[in-house]
Amino acid sequence: MTTVGRVVDRTSRRVGLLLGAGCLGVALFVVAGLGQEPADHWVTGAPLKVIPAQLVVEQPPDRTLDPYKGAGTWVDAYDFDPAYSPGVPSVVHADLASMAQTGLRTLFLQAARSDQRAVGLISDPWLLAGFLLAADTADIPIVGWYLPKWTVDDEDLDRLLAIDRFSVLGRRFAGLAVDIEWNRDDLGAIERSDRLANLSDRLRRTVGDDPLGAIVMPPVVTDEINPAFWPGFPWDELSWRYDVWLPMGYWSFRTAEHADPAFYTSDNIRRVRANLGNDDAVIHAIGGIGAADGTAVVDPGEPLASVDDLQPFVDALVQERAIGGSIYDWASMGVDARITFGESMVQMFPTVEQLG
């Protein structure tokens, strides 16, 4: 991507005029070096000679753990990317304002995928740019995430670094997280772990001290319910390469005691720390799926959590000293559930500044 200074110098490049992105009005941005044309739903126009001063940021802020603190929500490619969600998307830029109004602090956005429908290294860059600009207006940082598939080439690293380096007028993703769960391959567990460790090491060496998030399978599943999912998961090798751990504790899939959001959340957090050998490991736990209240935008065709599960989930986060938590995902939460979760998190969690 070009820097802001180069944006000014290269006004002859093709630009997009973002329309209807919340309070943004008309925002000028340039997407360069990605080999992708703007999607049909963007209106393109002639370059402007002057970039509105309020949109120019000379230096993006440093990345910290702040986006992982407090309440978050999730959006995947099937919610917003036309390559995976033909027709009307279930999540659009304007939803960032709604997220902020419900008390949410962070959006975790799937910014790249690896499959035959993926045209470039990242999702539609014009859409991603719109999300970043809308997030800036709503004061909701976005953490970009990606699901590696452990290929022998550099595809996984290239996609992660494309997310890491993507920017628009000084705005960039506030964090980068790796979704570590893919096991639908022909690899043995040892080879898959080796490739994971290698990718994590190369990513860490490239991004330097920037915080990295590890989105991991819930240890209750991998340690107890289905040890064959990923035998010998390399916790020790990953422990120093990631800064925050996000166990996918979707209790709506579980039965018996594991269907209890408080028990399942607490047990997974404790097991993550035990597996890492670190009682103080930084945790942002993920719950769900969704929260049924009769008003959800999307029915994922999977068992949904209940709106009544949300407070026990939040209570468990506080009890286990997690720095934050989120529900997967925004589209499968009803309006009432979103408000209930946001209010619960605001009440139980202090401000980001107080969290330290």
# chains A, B, ... in the order shown; residues from 1 in each chain; ligands from 1

call {"tool": "select_by_dssp", "arguments": {"residues": "stretch 275-329 of chain A", "states": "alpha helix (DSSP H)", "output": "PyMOL selection string"}}
result
chain A and resi 275-276+310-319

call {"tool": "write_last_selection", "arguments": {"atoms": "C-alpha atoms", "output": "PDB file, in the first residue's frame"}}
result
ATOM      1  CA  ASN A 275      -1.101 -26.053  28.542  1.00  0.00           C
ATOM      2  CA  LEU A 276       1.018 -22.925  28.143  1.00  0.00           C
ATOM      3  CA  LEU A 310     -24.570 -14.182  27.949  1.00  0.00           C
ATOM      4  CA  GLN A 311     -24.372 -13.060  31.577  1.00  0.00           C
ATOM      5  CA  PRO A 312     -22.875 -16.377  32.800  1.00  0.00           C
ATOM      6  CA  PHE A 313     -20.303 -16.089  30.005  1.00  0.00           C
ATOM      7  CA  VAL A 314     -19.362 -12.571  31.091  1.00  0.00           C
ATOM      8  CA  ASP A 315     -19.206 -13.648  34.732  1.00  0.00           C
ATOM      9  CA  ALA A 316     -16.766 -16.429  33.801  1.00  0.00           C
ATOM     10  CA  LEU A 317     -14.552 -13.969  31.920  1.00  0.00           C
ATOM     11  CA  VAL A 318     -14.276 -11.824  35.027  1.00  0.00           C
ATOM     12  CA  GLN A 319     -13.753 -14.787  37.343  1.00  0.00           C
TER      13      GLN A 319
END

call {"tool": "residues_around", "arguments": {"residues": "A:Ile283", "least_positions_apart": "4", "cutoff": "10 Å", "atoms": "only C-alpha atoms", "output": "list in words"}}
result
Tyr68, Lys69, Gly213, Ala214, Asp243, Val244, Trp245, Leu246, Pro247, Ile269, Arg270, Val272, Arg273, Leu317, Glu320, Arg321, Ala322, Ile323, Gly324 and Gly325 of chain A

call {"tool": "residues_around", "arguments": {"residues": "A:Gly70", "least_positions_apart": "6", "cutoff": "12 Å", "atoms": "only C-alpha atoms", "output": "MDAnalysis selection string"}}
result
chainID A and resid 103:107 140:141 283:286 314 317:318 321:327 341:356

call {"tool": "select_by_dssp", "arguments": {"residues": "stretch 160-230 of chain A", "states": "strand (DSSP E or B)", "output": "VMD selection string"}}
result
chain A and resid 167 to 168 171 to 172 175 to 180 212 to 216

call {"tool": "atom_distance", "arguments": {"atom1": "atom CA of A:Met248", "atom2": "atom CA of A:Gly288"}}
result
8.6 Å

call {"tool": "atom_distance", "arguments": {"atom1": "atom CA of A:Arg204", "atom2": "atom CA of A:Asp186"}}
result
26.2 Å

call {"tool": "closest_residue", "arguments": {"among": "A:Phe173, A:Trp145, A:Trp330, A:Phe233", "to": "A:Thr102", "atoms": "only C-alpha atoms"}}
result
A:Trp330

call {"tool": "closest_residue", "arguments": {"among": "A:Ser200, A:Ser266, A:Asn226, A:Gln110", "to": "A:Leu127", "atoms": "only C-alpha atoms"}}
result
A:Gln110

call {"tool": "closest_residue", "arguments": {"among": "A:Trp230, A:Val335, A:Tyr328, A:Gly144", "to": "A:Gly72", "atoms": "only C-alpha atoms"}}
result
A:Tyr328
